[in-house]
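A.B. asks: Compact mmCIF, C-alpha atoms, saved as final.txt, coming up:
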# COMPACT_ATOMS: atom_id res chain seq x y z
CA MET C 70 -58.92 74.46 -27.04
CA THR C 71 -59.65 70.83 -27.87
CA LYS C 72 -61.80 69.07 -25.29
CA PRO C 73 -59.87 66.22 -23.61
CA ILE C 74 -61.11 62.73 -24.42
CA SER C 75 -62.18 60.75 -21.40
CA LEU C 76 -61.71 56.99 -21.14
CA GLU C 77 -65.44 56.51 -21.64
CA GLU C 78 -65.23 58.42 -24.94
CA PHE C 79 -62.26 56.41 -26.20
CA ASP C 80 -63.30 54.81 -29.48
CA VAL C 81 -61.59 51.42 -29.25
CA THR C 82 -62.57 50.73 -32.85
CA GLU C 83 -59.92 53.25 -33.84
CA ARG C 84 -56.32 52.18 -34.25
CA LEU C 85 -54.83 50.67 -31.14
CA THR C 86 -51.47 51.96 -29.93
CA PHE C 87 -48.85 50.20 -27.81
CA LEU C 88 -46.04 52.22 -26.23
CA ALA C 89 -43.04 50.81 -24.33
CA VAL C 90 -40.76 52.89 -22.12
CA HIS C 91 -37.32 51.28 -22.08
CA ALA C 92 -34.09 52.42 -20.45
CA HIS C 93 -31.36 51.65 -23.00
CA PRO C 94 -30.85 50.63 -26.61
CA ASP C 95 -31.25 46.80 -26.70
CA ASP C 96 -33.82 46.65 -23.85
CA GLU C 97 -36.61 46.77 -26.41
CA ALA C 98 -35.36 43.54 -27.95
CA SER C 99 -34.82 41.53 -24.79
CA SER C 100 -38.21 41.96 -23.12
CA THR C 101 -40.57 43.08 -25.90
CA GLY C 102 -38.77 41.85 -29.01
CA GLY C 103 -41.51 39.35 -29.78
CA LEU C 104 -44.43 41.57 -28.83
CA PHE C 105 -43.50 44.55 -30.99
CA PRO C 106 -43.60 42.76 -34.37
CA LEU C 107 -46.56 40.61 -33.28
CA LEU C 108 -48.63 43.73 -32.62
CA ALA C 109 -47.39 45.39 -35.80
CA GLU C 110 -48.59 42.42 -37.82
CA GLN C 111 -51.98 42.80 -36.11
CA GLY C 112 -52.26 46.42 -37.26
CA VAL C 113 -51.44 47.98 -33.90
CA ARG C 114 -49.37 51.17 -33.90
CA THR C 115 -46.16 50.57 -31.95
CA VAL C 116 -44.04 53.23 -30.24
CA LEU C 117 -40.70 52.80 -28.48
CA VAL C 118 -39.43 55.36 -25.98
CA THR C 119 -35.75 54.86 -25.16
CA CYS C 120 -34.71 56.96 -22.16
CA THR C 121 -30.90 56.93 -22.40
CA ASN C 122 -28.28 56.83 -25.12
CA GLY C 123 -26.40 53.88 -23.61
CA GLU C 124 -23.06 55.60 -23.00
CA CYS C 125 -22.10 53.06 -20.31
CA GLY C 126 -22.17 50.11 -22.65
CA ASP C 127 -19.09 48.24 -23.86
CA ASP C 128 -17.10 50.01 -26.53
CA PRO C 129 -16.22 48.27 -29.86
CA HIS C 130 -13.09 46.80 -28.23
CA GLY C 131 -15.07 45.37 -25.34
CA ASN C 132 -13.79 47.99 -22.90
CA LYS C 133 -15.97 48.73 -19.91
CA PRO C 134 -16.80 52.32 -18.85
CA GLU C 135 -14.04 52.34 -16.20
CA HIS C 136 -11.38 51.73 -18.89
CA ASP C 137 -9.22 54.77 -19.68
CA ASP C 138 -9.91 54.51 -23.41
CA HIS C 139 -13.67 54.13 -23.07
CA ASP C 140 -15.49 56.85 -25.04
CA GLY C 141 -19.12 57.01 -23.93
CA ASP C 142 -20.19 59.34 -26.71
CA ALA C 143 -18.73 57.02 -29.36
CA VAL C 144 -20.49 54.08 -27.71
CA ALA C 145 -23.78 55.96 -27.79
CA ALA C 146 -23.34 56.77 -31.49
CA LEU C 147 -22.74 53.11 -32.30
CA ARG C 148 -25.67 51.97 -30.17
CA LYS C 149 -27.97 54.41 -32.00
CA ILE C 150 -27.06 52.74 -35.29
CA GLU C 151 -27.78 49.34 -33.75
CA LEU C 152 -31.05 50.59 -32.26
CA ASP C 153 -32.24 51.93 -35.60
CA ARG C 154 -31.61 48.52 -37.14
CA ALA C 155 -33.47 46.75 -34.34
CA VAL C 156 -36.41 49.16 -34.70
CA GLU C 157 -36.58 48.28 -38.38
CA ILE C 158 -36.48 44.55 -37.66
CA LEU C 159 -39.17 44.80 -34.97
CA LYS C 160 -41.43 46.89 -37.26
CA ILE C 161 -41.72 49.68 -34.71
CA ASP C 162 -43.61 52.69 -36.07
CA ARG C 163 -41.98 55.39 -33.97
CA LEU C 164 -38.77 55.65 -31.96
CA ALA C 165 -38.58 58.51 -29.47
CA MET C 166 -35.26 58.97 -27.67
CA LEU C 167 -35.36 61.10 -24.54
CA GLY C 168 -31.58 61.60 -24.80
CA TYR C 169 -30.54 61.23 -21.17
CA ARG C 170 -27.07 60.00 -20.32
CA ASP C 171 -26.68 56.38 -19.22
CA SER C 172 -26.35 56.19 -15.41
CA GLY C 173 -24.45 52.92 -15.30
CA MET C 174 -25.04 50.06 -12.91
CA GLU C 175 -25.91 50.63 -9.26
CA GLY C 176 -22.93 52.00 -7.35
CA TRP C 177 -20.99 53.23 -10.38
CA ASP C 178 -19.60 56.77 -10.35
CA HIS C 179 -21.78 57.46 -13.39
CA ASN C 180 -24.79 57.43 -11.05
CA ASN C 181 -23.63 60.84 -9.80
CA ASP C 182 -23.19 62.47 -13.20
CA PRO C 183 -25.59 65.45 -13.22
CA ARG C 184 -26.30 64.71 -16.90
CA SER C 185 -27.39 61.16 -16.12
CA PHE C 186 -30.94 59.89 -16.24
CA TRP C 187 -30.68 58.88 -12.57
CA GLN C 188 -29.90 62.46 -11.52
CA THR C 189 -32.67 63.98 -13.63
CA PRO C 190 -35.64 65.07 -11.52
CA VAL C 191 -38.49 62.63 -12.05
CA THR C 192 -40.96 65.44 -12.72
CA ASP C 193 -38.73 66.89 -15.45
CA ALA C 194 -38.31 63.62 -17.35
CA ALA C 195 -41.96 62.72 -16.79
CA ALA C 196 -42.99 65.99 -18.43
CA VAL C 197 -40.99 65.08 -21.54
CA LEU C 198 -42.56 61.62 -21.65
CA LEU C 199 -46.02 63.07 -21.05
CA GLU C 200 -45.82 65.03 -24.28
CA ILE C 201 -45.20 61.81 -26.20
CA LEU C 202 -48.05 60.06 -24.39
CA ARG C 203 -50.40 62.92 -25.26
CA GLU C 204 -49.35 62.73 -28.90
CA GLU C 205 -49.78 58.97 -29.16
CA ARG C 206 -52.57 58.28 -26.61
CA PRO C 207 -51.60 54.62 -26.17
CA GLN C 208 -54.18 52.34 -24.64
CA VAL C 209 -51.42 50.02 -23.41
CA ILE C 210 -48.07 51.08 -21.94
CA MET C 211 -45.22 48.79 -20.90
CA THR C 212 -42.29 49.60 -18.62
CA TYR C 213 -40.50 48.05 -15.61
CA ASN C 214 -41.57 47.53 -12.00
CA ASP C 215 -40.32 49.75 -9.15
CA PHE C 216 -37.16 47.61 -8.87
CA GLY C 217 -36.44 48.14 -12.55
CA PHE C 218 -36.76 44.35 -13.05
CA TYR C 219 -33.18 43.83 -11.84
CA GLY C 220 -32.21 46.97 -9.94
CA HIS C 221 -30.56 49.04 -12.66
CA PRO C 222 -30.94 52.76 -11.82
CA ASP C 223 -32.07 53.68 -15.33
CA HIS C 224 -34.75 50.98 -15.28
CA ILE C 225 -35.97 52.21 -11.92
CA GLN C 226 -36.05 55.75 -13.26
CA ALA C 227 -37.98 54.62 -16.34
CA HIS C 228 -40.59 53.15 -14.01
CA ARG C 229 -40.77 56.33 -11.97
CA ILE C 230 -41.21 58.73 -14.87
CA THR C 231 -43.80 56.50 -16.54
CA MET C 232 -45.95 56.23 -13.43
CA GLU C 233 -45.58 59.97 -12.83
CA ALA C 234 -46.47 60.89 -16.41
CA ILE C 235 -49.68 58.84 -16.55
CA LYS C 236 -51.03 60.79 -13.58
CA SER C 237 -51.45 63.78 -15.88
CA LEU C 238 -53.28 61.96 -18.67
CA ASP C 239 -57.00 62.56 -19.11
CA TYR C 240 -57.63 58.82 -19.36
CA GLU C 241 -56.25 55.73 -17.64
CA PRO C 242 -54.16 53.43 -19.82
CA THR C 243 -53.44 49.81 -19.00
CA VAL C 244 -49.85 49.62 -17.75
CA TYR C 245 -47.85 46.39 -17.75
CA PHE C 246 -44.44 45.62 -16.25
CA ASN C 247 -42.22 43.03 -17.94
CA ALA C 248 -41.63 39.86 -15.94
CA ILE C 249 -40.36 36.30 -16.01
CA PRO C 250 -42.23 33.74 -13.88
CA LYS C 251 -40.04 32.27 -11.14
CA ALA C 252 -40.66 28.74 -12.38
CA VAL C 253 -39.46 29.67 -15.87
CA PHE C 254 -36.48 31.64 -14.63
CA ARG C 255 -35.32 28.80 -12.42
CA ALA C 256 -35.65 26.31 -15.27
CA TRP C 257 -33.53 28.55 -17.51
CA ARG C 258 -30.94 28.99 -14.79
CA GLU C 259 -30.73 25.26 -14.11
CA ARG C 260 -30.27 24.51 -17.79
CA MET C 261 -27.53 27.11 -18.03
CA ARG C 262 -25.78 25.67 -14.98
CA GLU C 263 -25.89 22.17 -16.46
CA GLU C 264 -24.41 23.39 -19.72
CA GLN C 265 -21.66 25.29 -17.94
CA GLU C 266 -20.72 22.21 -15.95
CA ALA C 267 -20.80 20.04 -19.09
CA ASN C 268 -18.40 22.47 -20.75
CA GLY C 269 -16.12 22.50 -17.73
CA GLU C 270 -17.05 26.08 -16.88
CA ALA C 271 -17.60 27.37 -13.37
CA ALA C 272 -21.28 27.96 -12.74
CA GLU C 273 -21.96 31.58 -11.88
CA ASP C 274 -24.29 32.59 -9.09
CA GLU C 275 -27.31 34.32 -10.56
CA VAL C 276 -29.66 36.75 -8.88
CA ASP C 277 -33.23 35.49 -9.08
CA PHE C 278 -35.07 38.03 -11.22
CA GLY C 279 -38.18 35.89 -11.38
CA THR C 280 -41.65 37.13 -10.50
CA ALA C 281 -44.00 35.04 -8.39
CA ASP C 282 -46.03 32.96 -10.82
CA GLU C 283 -49.34 34.06 -9.32
CA LEU C 284 -48.57 37.72 -10.14
CA ILE C 285 -48.29 37.12 -13.88
CA ALA C 286 -51.24 38.81 -15.58
CA ALA C 287 -50.35 38.42 -19.26
CA ALA C 288 -48.61 35.59 -21.09
CA ILE C 289 -48.22 36.43 -24.76
CA ASP C 290 -47.41 33.75 -27.31
CA VAL C 291 -44.77 35.35 -29.52
CA SER C 292 -43.60 32.16 -31.20
CA ALA C 293 -44.51 33.56 -34.62
CA THR C 294 -42.13 36.50 -34.17
CA THR C 295 -39.39 35.01 -31.97
CA PRO C 296 -37.02 34.78 -34.97
CA LEU C 297 -37.33 38.56 -35.35
CA LYS C 298 -36.61 38.98 -31.66
CA PHE C 299 -33.39 37.02 -32.12
CA ASP C 300 -32.43 39.12 -35.14
CA ALA C 301 -33.05 42.32 -33.15
CA LEU C 302 -30.77 41.09 -30.39
CA VAL C 303 -28.12 40.28 -32.99
CA ALA C 304 -28.44 43.85 -34.24
CA HIS C 305 -27.13 45.04 -30.86
CA ALA C 306 -23.84 43.25 -31.48
CA SER C 307 -21.70 45.68 -29.49
CA GLN C 308 -23.55 44.74 -26.29
CA ILE C 309 -24.99 41.29 -26.95
CA THR C 310 -21.93 39.28 -27.88
CA GLU C 311 -21.60 35.69 -29.02
CA ASP C 312 -20.96 34.48 -25.47
CA SER C 313 -24.21 35.96 -24.13
CA PHE C 314 -26.99 33.74 -22.78
CA TRP C 315 -29.16 34.33 -25.84
CA MET C 316 -26.52 34.05 -28.55
CA LYS C 317 -25.16 30.81 -27.12
CA MET C 318 -28.55 29.24 -27.81
CA GLY C 319 -28.35 29.85 -31.53
CA LYS C 320 -31.37 31.00 -33.51
CA GLU C 321 -33.11 27.63 -33.75
CA ARG C 322 -33.02 26.85 -30.06
CA PHE C 323 -33.77 30.46 -29.14
CA THR C 324 -36.87 30.32 -31.30
CA GLN C 325 -38.02 27.15 -29.57
CA THR C 326 -37.30 28.45 -26.06
CA MET C 327 -38.09 32.17 -25.98
CA ASN C 328 -41.61 31.92 -27.34
CA THR C 329 -43.54 33.66 -24.56
CA GLU C 330 -43.32 37.15 -23.05
CA TRP C 331 -44.85 37.75 -19.64
CA PHE C 332 -46.13 40.83 -17.88
CA VAL C 333 -47.57 42.01 -14.58
CA ARG C 334 -50.56 44.35 -14.76
CA ALA C 335 -50.00 47.63 -12.89
CA THR C 336 -53.23 49.43 -13.80
CA ASN C 337 -56.49 47.78 -14.74
CA PRO C 338 -59.07 50.21 -16.13
CA ASN C 339 -60.96 47.38 -17.86
CA ASN C 340 -61.22 45.26 -14.70
CA LEU C 341 -59.52 42.27 -16.28
CA GLU C 342 -59.20 39.06 -14.34
CA GLY C 343 -56.77 36.18 -14.55
CA VAL C 344 -53.98 35.76 -17.07
CA VAL C 345 -54.72 37.24 -20.49
CA THR C 346 -53.13 36.08 -23.73
CA ASP C 347 -53.72 39.36 -25.56
CA ILE C 348 -51.94 42.50 -24.34
CA PHE C 349 -54.94 44.45 -25.65
CA ALA C 350 -57.50 42.38 -23.76
CA GLY C 351 -60.40 44.68 -22.95
CA TYR C 352 -59.79 46.87 -25.99
CA ARG C 353 -60.69 44.45 -28.77
Would it be possible to restate this file's structure as structure tokens?
C.D. replies:
Amino acid sequence: MTKPISLEEFDVTERLTFLAVHAHPDDEASSTGGLFPLLAEQGVRTVLVTCTNGECGDDPHGNKPEHDDHDGDAVAALRKIELDRAVEILKIDRLAMLGYRDSGMEGWDHNNDPRSFWQTPVTDAAAVLLEILREERPQVIMTYNDFGFYGHPDHIQAHRITMEAIKSLDYEPTVYFNAIPKAVFRAWRERMREEQEANGEAAEDEVDFGTADELIAAAIDVSATTPLKFDALVAHASQITEDSFWMKMGKERFTQTMNTEWFVRATNPNNLEGVVTDIFAGYR
């Protein structure tokens, strides 16, 4: 039997590995779409774990899951094609799909589907993820906070299985949760409201998904790879349509605006302090 490698024995001169645990196809592009190709260009191995197949997404006709003609399996098949394209654009080395069924938004009947990710025992899904973590041994792992960033059951479950799985590792990785500083989120929301009013549209009430600015632990400049992030979002055309927040910007403005990705540090084996600008701070 191979002797487990402790954190102290980790040779950080060896290839670094970044692994993100996301809930659905397209999540990898929205919150880590700049970071993935940035790290790839730096020689870091990048791994994407996608927990669900995305059955509760819009179908090619724009029908929602409650529509009689909505075919979740067909939606999942289309989203897999889109995900493969996004993975190629973002230069991700490995895609691992856990294959759970999309649970839908909070309160949907899909939450109760025994096949859904939400209904899967945390320990069972964590055991599947643990095998991938043991294969890859990432120094840095990214997922969502305990609220799933915005309350989606599958995002919450992704958080739960990640935090459960790392308990069984023989070393402690650095875990980050994606975030948007409150100040930034409010500025985006205000700009969107102004544009809606200028276009004669009714401004929609938005839930504040922002994170307190003082909790931000990593602010990564992804300006060099933001165009790829936009292209990856475009690849998910069945879900990210032309009237979405991002697509309305257009590529040029998107590139100028979405040039930073922020994270909260959940574990800190290297005793880092303050806001780092390198997700692998402490390892290189």
A.B. asks: Kindly indicate which residue among C:Thr192, C:Thr101, C:Asn247, C:Asn132 lies nearest to Ile161 (chain C), using all atoms listed in the file for the distances.
C.D. replies: C:Thr101
A.B. asks: Neighbours of Leu104 (chain C) within 12 Å (all atoms listed in the file; same-chain residues fewer than 5 positions away dropped), as a PDB file with C-alpha atoms, in the coordinates of the input?
C.D. replies:
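Done, and the output landed in part_13.pdb:
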ATOM      1  CA  PHE C  87     -48.850  50.200 -27.810  1.00  0.00           C
ATOM      2  CA  LEU C  88     -46.040  52.220 -26.230  1.00  0.00           C
ATOM      3  CA  ALA C  89     -43.040  50.810 -24.330  1.00  0.00           C
ATOM      4  CA  GLU C  97     -36.610  46.770 -26.410  1.00  0.00           C
ATOM      5  CA  ALA C  98     -35.360  43.540 -27.950  1.00  0.00           C
ATOM      6  CA  SER C  99     -34.820  41.530 -24.790  1.00  0.00           C
ATOM      7  CA  ALA C 109     -47.390  45.390 -35.800  1.00  0.00           C
ATOM      8  CA  GLU C 110     -48.590  42.420 -37.820  1.00  0.00           C
ATOM      9  CA  GLN C 111     -51.980  42.800 -36.110  1.00  0.00           C
ATOM     10  CA  VAL C 113     -51.440  47.980 -33.900  1.00  0.00           C
ATOM     11  CA  ARG C 114     -49.370  51.170 -33.900  1.00  0.00           C
ATOM     12  CA  THR C 115     -46.160  50.570 -31.950  1.00  0.00           C
ATOM     13  CA  VAL C 116     -44.040  53.230 -30.240  1.00  0.00           C
ATOM     14  CA  LEU C 117     -40.700  52.800 -28.480  1.00  0.00           C
ATOM     15  CA  LEU C 159     -39.170  44.800 -34.970  1.00  0.00           C
ATOM     16  CA  LYS C 160     -41.430  46.890 -37.260  1.00  0.00           C
ATOM     17  CA  ILE C 161     -41.720  49.680 -34.710  1.00  0.00           C
ATOM     18  CA  MET C 211     -45.220  48.790 -20.900  1.00  0.00           C
ATOM     19  CA  ASN C 247     -42.220  43.030 -17.940  1.00  0.00           C
ATOM     20  CA  ALA C 287     -50.350  38.420 -19.260  1.00  0.00           C
ATOM     21  CA  ALA C 288     -48.610  35.590 -21.090  1.00  0.00           C
ATOM     22  CA  ILE C 289     -48.220  36.430 -24.760  1.00  0.00           C
ATOM     23  CA  ASP C 290     -47.410  33.750 -27.310  1.00  0.00           C
ATOM     24  CA  VAL C 291     -44.770  35.350 -29.520  1.00  0.00           C
ATOM     25  CA  SER C 292     -43.600  32.160 -31.200  1.00  0.00           C
ATOM     26  CA  ALA C 293     -44.510  33.560 -34.620  1.00  0.00           C
ATOM     27  CA  THR C 294     -42.130  36.500 -34.170  1.00  0.00           C
ATOM     28  CA  THR C 295     -39.390  35.010 -31.970  1.00  0.00           C
ATOM     29  CA  PRO C 296     -37.020  34.780 -34.970  1.00  0.00           C
ATOM     30  CA  LEU C 297     -37.330  38.560 -35.350  1.00  0.00           C
ATOM     31  CA  LYS C 298     -36.610  38.980 -31.660  1.00  0.00           C
ATOM     32  CA  MET C 327     -38.090  32.170 -25.980  1.00  0.00           C
ATOM     33  CA  ASN C 328     -41.610  31.920 -27.340  1.00  0.00           C
ATOM     34  CA  THR C 329     -43.540  33.660 -24.560  1.00  0.00           C
ATOM     35  CA  GLU C 330     -43.320  37.150 -23.050  1.00  0.00           C
ATOM     36  CA  TRP C 331     -44.850  37.750 -19.640  1.00  0.00           C
ATOM     37  CA  PHE C 332     -46.130  40.830 -17.880  1.00  0.00           C
ATOM     38  CA  THR C 346     -53.130  36.080 -23.730  1.00  0.00           C
ATOM     39  CA  ASP C 347     -53.720  39.360 -25.560  1.00  0.00           C
ATOM     40  CA  ILE C 348     -51.940  42.500 -24.340  1.00  0.00           C
ATOM     41  CA  PHE C 349     -54.940  44.450 -25.650  1.00  0.00           C
TER      42      PHE C 349
END
A.B. asks: Quick check, in Å to one decimal: how far apart do CA of Gln226 (chain C) and CA of Val156 (chain C) lie?
C.D. replies: 22.4 Å
A.B. asks: As an exercise, work out the distance from CA of Phe314 (chain C) to CA of Ile225 (chain C) in Å and give it to one decimal place.
C.D. replies: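 The value is 23.2 Å.
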A.B. asks: Using only C-alpha atoms, find the one residue out of C:Trp177, C:Pro242, C:Val118, C:Ala304 that sits nearest to Ile150 (chain C).
C.D. replies: C:Ala304
A.B. asks: Can you work out which one of C:Val90, C:Phe299, C:Glu321, C:Pro183 has the shortest atom-to-atom distance to Ala234 (chain C), counting only C-alpha atoms?
C.D. replies: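 Residue with the minimum atom-to-atom distance to Ala234 (chain C): C:Val90.
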A.B. asks: Rank C:Leu238, C:Leu108, C:Thr243, C:Asp128 by their smallest atom-to-atom distance to Glu204 (chain C), using only C-alpha atoms, and report the top residue only.
C.D. replies: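 Among C:Leu238, C:Leu108, C:Thr243, C:Asp128, it is C:Leu238 that comes nearest to Glu204 (chain C).
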A.B. asks: Of the candidates C:Asp239, C:Asp95, C:Asp282, C:Asp178, which one gets nearest to Val333 (chain C) if we count all atoms listed in the file?
C.D. replies: C:Asp282
A.B. asks: For each of C:Glu283, C:Glu124, C:Glu270, C:Glu151, take the minimum atom-to-atom distance to His305 (chain C), counting all atoms listed in the file, then give the residue where this is smallest.
C.D. replies: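 Nearest candidate to His305 (chain C) out of C:Glu283, C:Glu124, C:Glu270, C:Glu151: C:Glu151.
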A.B. asks: Skipping near chain neighbours, those fewer than 2 positions away, what residues fall within 12 Å of Ala196 (chain C) using only C-alpha atoms, listed as a VMD selection string?
C.D. replies: chain C and resid 167 189 to 194 198 to 203 229 to 238
A.B. asks: Between CA of Gln208 (chain C) and CA of Thr121 (chain C), what is the spacing in Å?
C.D. replies: 23.8 Å
A.B. asks: Can you find the residues with an atom no farther than 8 Å from (-28.2, 56.5, -23.8), counting all atoms listed in the file, and report them as a ChimeraX atom specification?
C.D. replies: /C:92-94,119-125,145,168-171
A.B. asks: Given the point (-46.8, 51.1, -18.8) in the coordinates of this file, which residues lie within 6 Å, counting all atoms listed in the file, and how would they look as a list in words?
C.D. replies: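 Returned residue set, sorted by chain then number, is Ile210, Met211, Thr212, Val244 and Tyr245 of chain C.
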